[in-house]
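*Asks:* My structure is in coords-v6.pdb, and what it holds is PDB, C-alpha atoms, pLDDT in the B column:
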```
ATOM      1  CA  MET A1171     -66.004 -94.252 -40.230  1.00 51.00           C
ATOM      2  CA  ALA A1172     -67.105 -93.269 -43.681  1.00 51.00           C
ATOM      3  CA  ARG A1173     -64.337 -93.449 -46.253  1.00 49.00           C
ATOM      4  CA  LYS A1174     -63.521 -90.841 -48.847  1.00 62.00           C
ATOM      5  CA  PRO A1175     -62.196 -91.823 -52.270  1.00 73.00           C
ATOM      6  CA  ALA A1176     -59.403 -94.379 -52.038  1.00 82.00           C
ATOM      7  CA  ALA A1177     -56.126 -93.129 -50.639  1.00 91.00           C
ATOM      8  CA  ARG A1178     -53.181 -92.958 -53.034  1.00 93.00           C
ATOM      9  CA  ASP A1179     -50.720 -94.354 -50.489  1.00 96.00           C
ATOM     10  CA  VAL A1180     -50.550 -95.714 -46.947  1.00 97.00           C
ATOM     11  CA  ASP A1181     -49.632 -92.334 -45.432  1.00 97.00           C
ATOM     12  CA  GLU A1182     -52.760 -90.771 -46.931  1.00 96.00           C
ATOM     13  CA  TYR A1183     -54.894 -93.701 -45.756  1.00 97.00           C
ATOM     14  CA  ILE A1184     -53.665 -93.408 -42.167  1.00 97.00           C
ATOM     15  CA  ALA A1185     -53.922 -89.601 -42.118  1.00 97.00           C
ATOM     16  CA  ASP A1186     -57.655 -89.821 -42.792  1.00 94.00           C
ATOM     17  CA  PHE A1187     -58.441 -91.276 -39.337  1.00 96.00           C
ATOM     18  CA  PRO A1188     -58.736 -89.757 -35.847  1.00 96.00           C
ATOM     19  CA  PRO A1189     -55.505 -89.564 -33.804  1.00 97.00           C
ATOM     20  CA  HIS A1190     -56.142 -92.652 -31.633  1.00 96.00           C
ATOM     21  CA  VAL A1191     -56.788 -94.800 -34.737  1.00 97.00           C
ATOM     22  CA  ARG A1192     -53.794 -93.271 -36.573  1.00 98.00           C
ATOM     23  CA  ARG A1193     -51.532 -94.367 -33.699  1.00 98.00           C
ATOM     24  CA  ILE A1194     -52.810 -97.935 -33.948  1.00 98.00           C
ATOM     25  CA  LEU A1195     -52.520 -98.041 -37.753  1.00 98.00           C
ATOM     26  CA  THR A1196     -49.018 -96.583 -37.596  1.00 98.00           C
ATOM     27  CA  ARG A1197     -47.949 -99.203 -35.078  1.00 98.00           C
ATOM     28  CA  ILE A1198     -49.451-102.029 -37.156  1.00 98.00           C
ATOM     29  CA  ARG A1199     -47.594-100.638 -40.165  1.00 98.00           C
ATOM     30  CA  SER A1200     -44.296-100.633 -38.268  1.00 97.00           C
ATOM     31  CA  THR A1201     -45.001-104.146 -36.917  1.00 97.00           C
ATOM     32  CA  VAL A1202     -45.413-105.418 -40.485  1.00 96.00           C
ATOM     33  CA  ARG A1203     -42.326-103.528 -41.663  1.00 96.00           C
ATOM     34  CA  ARG A1204     -40.210-105.065 -38.880  1.00 95.00           C
ATOM     35  CA  ALA A1205     -41.439-108.565 -39.705  1.00 93.00           C
ATOM     36  CA  ALA A1206     -41.110-108.089 -43.479  1.00 92.00           C
ATOM     37  CA  PRO A1207     -38.515-105.391 -44.212  1.00 93.00           C
ATOM     38  CA  GLU A1208     -38.263-106.409 -47.884  1.00 92.00           C
ATOM     39  CA  ALA A1209     -42.013-106.015 -48.492  1.00 93.00           C
ATOM     40  CA  ARG A1210     -43.340-102.996 -50.351  1.00 96.00           C
ATOM     41  CA  GLU A1211     -46.346-101.001 -49.225  1.00 96.00           C
ATOM     42  CA  ARG A1212     -49.220-100.147 -51.488  1.00 95.00           C
ATOM     43  CA  ILE A1213     -52.943 -99.551 -51.515  1.00 96.00           C
ATOM     44  CA  SER A1214     -54.905-102.528 -52.791  1.00 94.00           C
ATOM     45  CA  TYR A1215     -58.680-102.836 -52.647  1.00 92.00           C
ATOM     46  CA  GLY A1216     -58.635 -99.349 -51.095  1.00 93.00           C
ATOM     47  CA  ILE A1217     -56.683-100.438 -48.004  1.00 95.00           C
ATOM     48  CA  PRO A1218     -53.008-100.767 -47.009  1.00 97.00           C
ATOM     49  CA  ALA A1219     -51.328-103.906 -48.301  1.00 96.00           C
ATOM     50  CA  PHE A1220     -47.820-105.280 -48.199  1.00 96.00           C
ATOM     51  CA  TRP A1221     -46.478-106.838 -51.373  1.00 93.00           C
ATOM     52  CA  MET A1222     -43.730-109.407 -51.836  1.00 88.00           C
ATOM     53  CA  ASN A1223     -44.247-111.311 -55.103  1.00 81.00           C
ATOM     54  CA  GLY A1224     -47.925-110.611 -54.488  1.00 82.00           C
ATOM     55  CA  ASP A1225     -49.943-109.081 -51.677  1.00 84.00           C
ATOM     56  CA  PHE A1226     -49.562-111.102 -48.499  1.00 88.00           C
ATOM     57  CA  ILE A1227     -51.157-108.997 -45.758  1.00 94.00           C
ATOM     58  CA  TYR A1228     -53.730-106.206 -45.600  1.00 96.00           C
ATOM     59  CA  PHE A1229     -55.056-104.080 -42.748  1.00 97.00           C
ATOM     60  CA  ALA A1230     -57.896-101.596 -42.474  1.00 97.00           C
ATOM     61  CA  ALA A1231     -59.672 -99.434 -39.922  1.00 97.00           C
ATOM     62  CA  PHE A1232     -63.403 -99.560 -39.358  1.00 96.00           C
ATOM     63  CA  ARG A1233     -65.752 -97.845 -36.933  1.00 95.00           C
ATOM     64  CA  ARG A1234     -65.243-100.341 -34.105  1.00 96.00           C
ATOM     65  CA  HIS A1235     -62.273-102.484 -35.107  1.00 97.00           C
ATOM     66  CA  ILE A1236     -59.091-102.927 -37.098  1.00 98.00           C
ATOM     67  CA  GLY A1237     -59.247-105.704 -39.681  1.00 97.00           C
ATOM     68  CA  LEU A1238     -56.288-107.856 -40.675  1.00 97.00           C
ATOM     69  CA  TYR A1239     -56.489-110.031 -43.799  1.00 95.00           C
ATOM     70  CA  PRO A1240     -56.318-112.749 -45.110  1.00 88.00           C
ATOM     71  CA  PRO A1241     -57.258-115.516 -42.656  1.00 84.00           C
ATOM     72  CA  VAL A1242     -54.630-117.416 -40.670  1.00 85.00           C
ATOM     73  CA  LYS A1243     -54.141-120.934 -42.030  1.00 83.00           C
ATOM     74  CA  GLY A1244     -52.049-123.961 -41.211  1.00 80.00           C
ATOM     75  CA  ASP A1245     -50.376-123.086 -37.901  1.00 86.00           C
ATOM     76  CA  ALA A1246     -52.630-124.661 -35.241  1.00 91.00           C
ATOM     77  CA  LYS A1247     -51.013-122.818 -32.307  1.00 94.00           C
ATOM     78  CA  LEU A1248     -51.386-119.489 -34.057  1.00 94.00           C
ATOM     79  CA  ARG A1249     -54.977-120.237 -35.073  1.00 92.00           C
ATOM     80  CA  LYS A1250     -55.755-120.954 -31.435  1.00 94.00           C
ATOM     81  CA  ALA A1251     -54.055-117.704 -30.355  1.00 95.00           C
ATOM     82  CA  VAL A1252     -56.115-115.611 -32.803  1.00 95.00           C
ATOM     83  CA  ALA A1253     -59.409-117.485 -32.329  1.00 94.00           C
ATOM     84  CA  ARG A1254     -61.023-114.774 -30.198  1.00 95.00           C
ATOM     85  CA  TYR A1255     -60.362-112.207 -32.961  1.00 97.00           C
ATOM     86  CA  ALA A1256     -61.526-114.363 -35.884  1.00 93.00           C
ATOM     87  CA  GLY A1257     -64.283-112.829 -37.985  1.00 90.00           C
ATOM     88  CA  GLU A1258     -66.912-114.768 -39.862  1.00 85.00           C
ATOM     89  CA  LYS A1259     -64.606-115.365 -42.847  1.00 85.00           C
ATOM     90  CA  GLY A1260     -61.497-115.992 -40.768  1.00 79.00           C
ATOM     91  CA  ASN A1261     -60.135-112.472 -41.106  1.00 93.00           C
ATOM     92  CA  LEU A1262     -59.086-110.914 -37.816  1.00 97.00           C
ATOM     93  CA  LYS A1263     -61.005-108.147 -36.054  1.00 97.00           C
ATOM     94  CA  PHE A1264     -59.234-106.269 -33.274  1.00 98.00           C
ATOM     95  CA  PRO A1265     -61.756-104.163 -31.308  1.00 98.00           C
ATOM     96  CA  LEU A1266     -60.744-100.526 -30.920  1.00 97.00           C
ATOM     97  CA  ASP A1267     -62.019-100.473 -27.338  1.00 97.00           C
ATOM     98  CA  GLU A1268     -59.492-103.146 -26.268  1.00 97.00           C
ATOM     99  CA  PRO A1269     -55.680-103.177 -26.279  1.00 97.00           C
ATOM    100  CA  ILE A1270     -54.399-104.162 -29.722  1.00 98.00           C
ATOM    101  CA  PRO A1271     -52.198-107.313 -29.530  1.00 97.00           C
ATOM    102  CA  PHE A1272     -49.285-106.048 -31.634  1.00 97.00           C
ATOM    103  CA  GLY A1273     -47.089-109.029 -30.713  1.00 96.00           C
ATOM    104  CA  LEU A1274     -49.785-111.371 -32.011  1.00 96.00           C
ATOM    105  CA  ILE A1275     -50.056-109.305 -35.191  1.00 96.00           C
ATOM    106  CA  GLY A1276     -46.298-109.744 -35.661  1.00 95.00           C
ATOM    107  CA  ARG A1277     -46.703-113.509 -35.324  1.00 95.00           C
ATOM    108  CA  VAL A1278     -49.499-113.480 -37.911  1.00 95.00           C
ATOM    109  CA  VAL A1279     -47.342-111.473 -40.326  1.00 94.00           C
ATOM    110  CA  ARG A1280     -44.395-113.857 -39.948  1.00 93.00           C
ATOM    111  CA  ALA A1281     -46.708-116.840 -40.510  1.00 92.00           C
ATOM    112  CA  ARG A1282     -48.186-115.192 -43.612  1.00 90.00           C
ATOM    113  CA  ILE A1283     -44.687-114.586 -44.967  1.00 89.00           C
ATOM    114  CA  ARG A1284     -43.789-118.264 -44.502  1.00 88.00           C
ATOM    115  CA  GLU A1285     -47.032-119.334 -46.156  1.00 85.00           C
ATOM    116  CA  HIS A1286     -46.595-116.825 -48.979  1.00 82.00           C
ATOM    117  CA  ARG A1287     -42.985-117.887 -49.641  1.00 80.00           C
ATOM    118  CA  ALA A1288     -43.911-121.578 -49.625  1.00 80.00           C
ATOM    119  CA  ARG A1289     -46.681-120.935 -52.155  1.00 76.00           C
ATOM    120  CA  ALA A1290     -44.328-118.891 -54.373  1.00 73.00           C
ATOM    121  CA  LEU A1291     -41.676-121.642 -54.193  1.00 73.00           C
ATOM    122  CA  SER A1292     -44.246-124.285 -55.080  1.00 71.00           C
ATOM    123  CA  LYS A1293     -45.337-122.230 -58.098  1.00 67.00           C
ATOM    124  CA  SER A1294     -41.758-121.800 -59.311  1.00 62.00           C
ATOM    125  CA  VAL A1295     -41.080-125.543 -58.966  1.00 62.00           C
ATOM    126  CA  ARG A1296     -44.205-126.336 -61.020  1.00 62.00           C
ATOM    127  CA  LYS A1297     -43.148-123.868 -63.729  1.00 63.00           C
ATOM    128  CA  LYS A1298     -39.738-125.546 -64.051  1.00 62.00           C
ATOM    129  CA  ARG A1299     -41.314-128.946 -64.732  1.00 60.00           C
TER     130      ARG A1299
END
```
For this file, produce the structure as C-alpha cells.
*Replies:*
Amino acid sequence: MARKPAARDVDEYIADFPPHVRRILTRIRSTVRRAAPEARERISYGIPAFWMNGDFIYFAAFRRHIGLYPPVKGDAKLRKAVARYAGEKGNLKFPLDEPIPFGLIGRVVRARIREHRARALSKSVRKKR
C-alpha cells in the first residue's frame, strides 16, 4: 500500500487504509492502550508509536502484513511464541491473510513495557551516582 505524506496523528494514519486493515490497526491500538493506559500515542518515523519516557512500541501496516517494532528481547518463552512472526531484523510481521494474534501482541506490549521501565530505572540510577 503506497503511503501518502506522513499522517499527523494515529487516527489519520489508520483512516488511510482499507476497512479490513483499519479494523486490525484499531484493534492493535486498543490492545496497546489496554496494556499501557498511561502511554501517549504519537506518530514517529511516519508510523503509530506509543510513548512513555520514550517510544517503546510501534506498529505499521504494509501490503501483506502488519509490522510490530522493536524486536522482542530477553523473555525466552515470549521469543519462542513470536518466532514464527519474526522478521529478518527481529521485528514482528503478522500476515494479513492469517488471523492476527492479538493476545500475543498484548504479551509483547507488556514485555516491552517491563523492558522499557527497567532501562529507564537503570538510567536514573546511573544519573544519581
*Asks:* Rounded to one decimal place, report the atom CA of Glu1208 of chain A-atom CA of Tyr1239 of chain A distance in Å.
*Replies:* 19.0 Å
*Asks:* For each of A:Ile1213, A:Ala1176, A:Ala1185, A:Val1242, take the minimum atom-to-atom distance to Val1278 of chain A, counting all atoms listed in the file, then give the residue where this is smallest.
*Replies:*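 Using all atoms listed in the file, the shortest distance to Val1278 of chain A belongs to A:Val1242.
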*Asks:* Can you give me, as a PyMOL selection string, the residues this file yields under the PyMOL selection byres ((chain A and resi 1202) around 12)?
*Replies:* chain A and resi 1195-1201+1203-1211+1218-1221+1226-1229+1238+1272-1283
*Asks:* Grab the residues selected above and save them as a tab-separated table (two decimals), keeping the file's coordinate frame with C-alpha atoms.
*Replies:*
```
chain	number	residue	atom	x	y	z
A	1195	LEU	CA	-52.52	-98.04	-37.75
A	1196	THR	CA	-49.02	-96.58	-37.60
A	1197	ARG	CA	-47.95	-99.20	-35.08
A	1198	ILE	CA	-49.45	-102.03	-37.16
A	1199	ARG	CA	-47.59	-100.64	-40.16
A	1200	SER	CA	-44.30	-100.63	-38.27
A	1201	THR	CA	-45.00	-104.15	-36.92
A	1203	ARG	CA	-42.33	-103.53	-41.66
A	1204	ARG	CA	-40.21	-105.06	-38.88
A	1205	ALA	CA	-41.44	-108.56	-39.70
A	1206	ALA	CA	-41.11	-108.09	-43.48
A	1207	PRO	CA	-38.52	-105.39	-44.21
A	1208	GLU	CA	-38.26	-106.41	-47.88
A	1209	ALA	CA	-42.01	-106.02	-48.49
A	1210	ARG	CA	-43.34	-103.00	-50.35
A	1211	GLU	CA	-46.35	-101.00	-49.22
A	1218	PRO	CA	-53.01	-100.77	-47.01
A	1219	ALA	CA	-51.33	-103.91	-48.30
A	1220	PHE	CA	-47.82	-105.28	-48.20
A	1221	TRP	CA	-46.48	-106.84	-51.37
A	1226	PHE	CA	-49.56	-111.10	-48.50
A	1227	ILE	CA	-51.16	-109.00	-45.76
A	1228	TYR	CA	-53.73	-106.21	-45.60
A	1229	PHE	CA	-55.06	-104.08	-42.75
A	1238	LEU	CA	-56.29	-107.86	-40.67
A	1272	PHE	CA	-49.28	-106.05	-31.63
A	1273	GLY	CA	-47.09	-109.03	-30.71
A	1274	LEU	CA	-49.78	-111.37	-32.01
A	1275	ILE	CA	-50.06	-109.30	-35.19
A	1276	GLY	CA	-46.30	-109.74	-35.66
A	1277	ARG	CA	-46.70	-113.51	-35.32
A	1278	VAL	CA	-49.50	-113.48	-37.91
A	1279	VAL	CA	-47.34	-111.47	-40.33
A	1280	ARG	CA	-44.40	-113.86	-39.95
A	1281	ALA	CA	-46.71	-116.84	-40.51
A	1282	ARG	CA	-48.19	-115.19	-43.61
A	1283	ILE	CA	-44.69	-114.59	-44.97
```
*Asks:* Can you give me, as a PyMOL selection string, the residues this file yields under the PyMOL selection byres ((chain A and resi 1263) around 7)?
*Replies:* chain A and resi 1235-1238+1255-1257+1261-1262+1264-1265
*Asks:* Between A:Pro1271, A:Gly1216, A:Pro1240, A:Gly1260, which has the minimum distance to Val1180 of chain A (counting only C-alpha atoms)?
*Replies:*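 Closest to Val1180 of chain A of all the choices is A:Gly1216.
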*Asks:* Provide the atom CA of Arg1193 of chain A to atom CA of Leu1266 of chain A distance in Å, to one decimal place.
*Replies:*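 That distance, rounded to one decimal, is 11.4 Å.
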*Asks:* In Å, rounded to a single decimal, give me how far atom CA of Asp1186 of chain A is from atom CA of Val1252 of chain A.
*Replies:*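 One can read the atom CA of Val1252 of chain A to atom CA of Asp1186 of chain A distance as 27.7 Å.
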*Asks:* Counting all atoms listed in the file, which of A:Asn1223, A:Ile1217, A:Gly1244, A:Ala1231 gets nearest to Phe1187 of chain A?
*Replies:*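 Ranking A:Asn1223, A:Ile1217, A:Gly1244, A:Ala1231 by distance to Phe1187 of chain A, first place goes to A:Ala1231.
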*Asks:* Generate the coordinates of N, CA and C atoms for segment 1200-1224 of chain A; report them as a compact mmCIF listing (two decimals), keeping the file's coordinate frame.
*Replies:*
```txt
# COMPACT_ATOMS: atom_id res chain seq x y z
N SER A 1200 -45.69 -100.40 -38.67
CA SER A 1200 -44.30 -100.63 -38.27
C SER A 1200 -44.08 -102.09 -37.84
N THR A 1201 -45.09 -102.73 -37.28
CA THR A 1201 -45.00 -104.15 -36.92
C THR A 1201 -44.80 -104.99 -38.17
N VAL A 1202 -45.55 -104.68 -39.22
CA VAL A 1202 -45.41 -105.42 -40.48
C VAL A 1202 -44.04 -105.13 -41.10
N ARG A 1203 -43.63 -103.88 -41.09
CA ARG A 1203 -42.33 -103.53 -41.66
C ARG A 1203 -41.18 -104.25 -40.96
N ARG A 1204 -41.26 -104.35 -39.63
CA ARG A 1204 -40.21 -105.06 -38.88
C ARG A 1204 -40.18 -106.55 -39.25
N ALA A 1205 -41.35 -107.14 -39.39
CA ALA A 1205 -41.44 -108.56 -39.70
C ALA A 1205 -41.10 -108.86 -41.17
N ALA A 1206 -41.32 -107.89 -42.04
CA ALA A 1206 -41.11 -108.09 -43.48
C ALA A 1206 -40.44 -106.86 -44.09
N PRO A 1207 -39.17 -106.61 -43.74
CA PRO A 1207 -38.52 -105.39 -44.21
C PRO A 1207 -38.39 -105.29 -45.73
N GLU A 1208 -38.40 -106.45 -46.43
CA GLU A 1208 -38.26 -106.41 -47.88
C GLU A 1208 -39.59 -106.17 -48.61
N ALA A 1209 -40.69 -106.21 -47.88
CA ALA A 1209 -42.01 -106.02 -48.49
C ALA A 1209 -42.22 -104.55 -48.86
N ARG A 1210 -43.01 -104.35 -49.91
CA ARG A 1210 -43.34 -103.00 -50.35
C ARG A 1210 -44.78 -102.68 -49.99
N GLU A 1211 -45.00 -101.45 -49.57
CA GLU A 1211 -46.35 -101.00 -49.22
C GLU A 1211 -47.07 -100.54 -50.48
N ARG A 1212 -48.38 -100.69 -50.43
CA ARG A 1212 -49.22 -100.15 -51.49
C ARG A 1212 -50.66 -100.13 -51.01
N ILE A 1213 -51.51 -99.50 -51.77
CA ILE A 1213 -52.94 -99.55 -51.52
C ILE A 1213 -53.52 -100.55 -52.50
N SER A 1214 -54.26 -101.52 -51.97
CA SER A 1214 -54.90 -102.53 -52.79
C SER A 1214 -56.31 -102.73 -52.23
N TYR A 1215 -57.28 -102.76 -53.08
CA TYR A 1215 -58.68 -102.84 -52.65
C TYR A 1215 -59.04 -101.67 -51.73
N GLY A 1216 -58.35 -100.54 -51.88
CA GLY A 1216 -58.64 -99.35 -51.10
C GLY A 1216 -58.07 -99.34 -49.69
N ILE A 1217 -57.25 -100.35 -49.35
CA ILE A 1217 -56.68 -100.44 -48.00
C ILE A 1217 -55.18 -100.73 -48.09
N PRO A 1218 -54.44 -100.48 -47.00
CA PRO A 1218 -53.01 -100.77 -47.01
C PRO A 1218 -52.73 -102.27 -47.20
N ALA A 1219 -51.75 -102.53 -48.04
CA ALA A 1219 -51.33 -103.91 -48.30
C ALA A 1219 -49.80 -103.93 -48.35
N PHE A 1220 -49.26 -105.08 -48.05
CA PHE A 1220 -47.82 -105.28 -48.20
C PHE A 1220 -47.62 -106.33 -49.27
N TRP A 1221 -46.70 -106.04 -50.18
CA TRP A 1221 -46.48 -106.84 -51.37
C TRP A 1221 -45.08 -107.43 -51.36
N MET A 1222 -45.00 -108.70 -51.71
CA MET A 1222 -43.73 -109.41 -51.84
C MET A 1222 -44.02 -110.56 -52.79
N ASN A 1223 -43.82 -110.34 -54.08
CA ASN A 1223 -44.25 -111.31 -55.10
C ASN A 1223 -45.74 -111.58 -54.97
N GLY A 1224 -46.48 -110.55 -54.69
CA GLY A 1224 -47.92 -110.61 -54.49
C GLY A 1224 -48.28 -110.05 -53.12
```
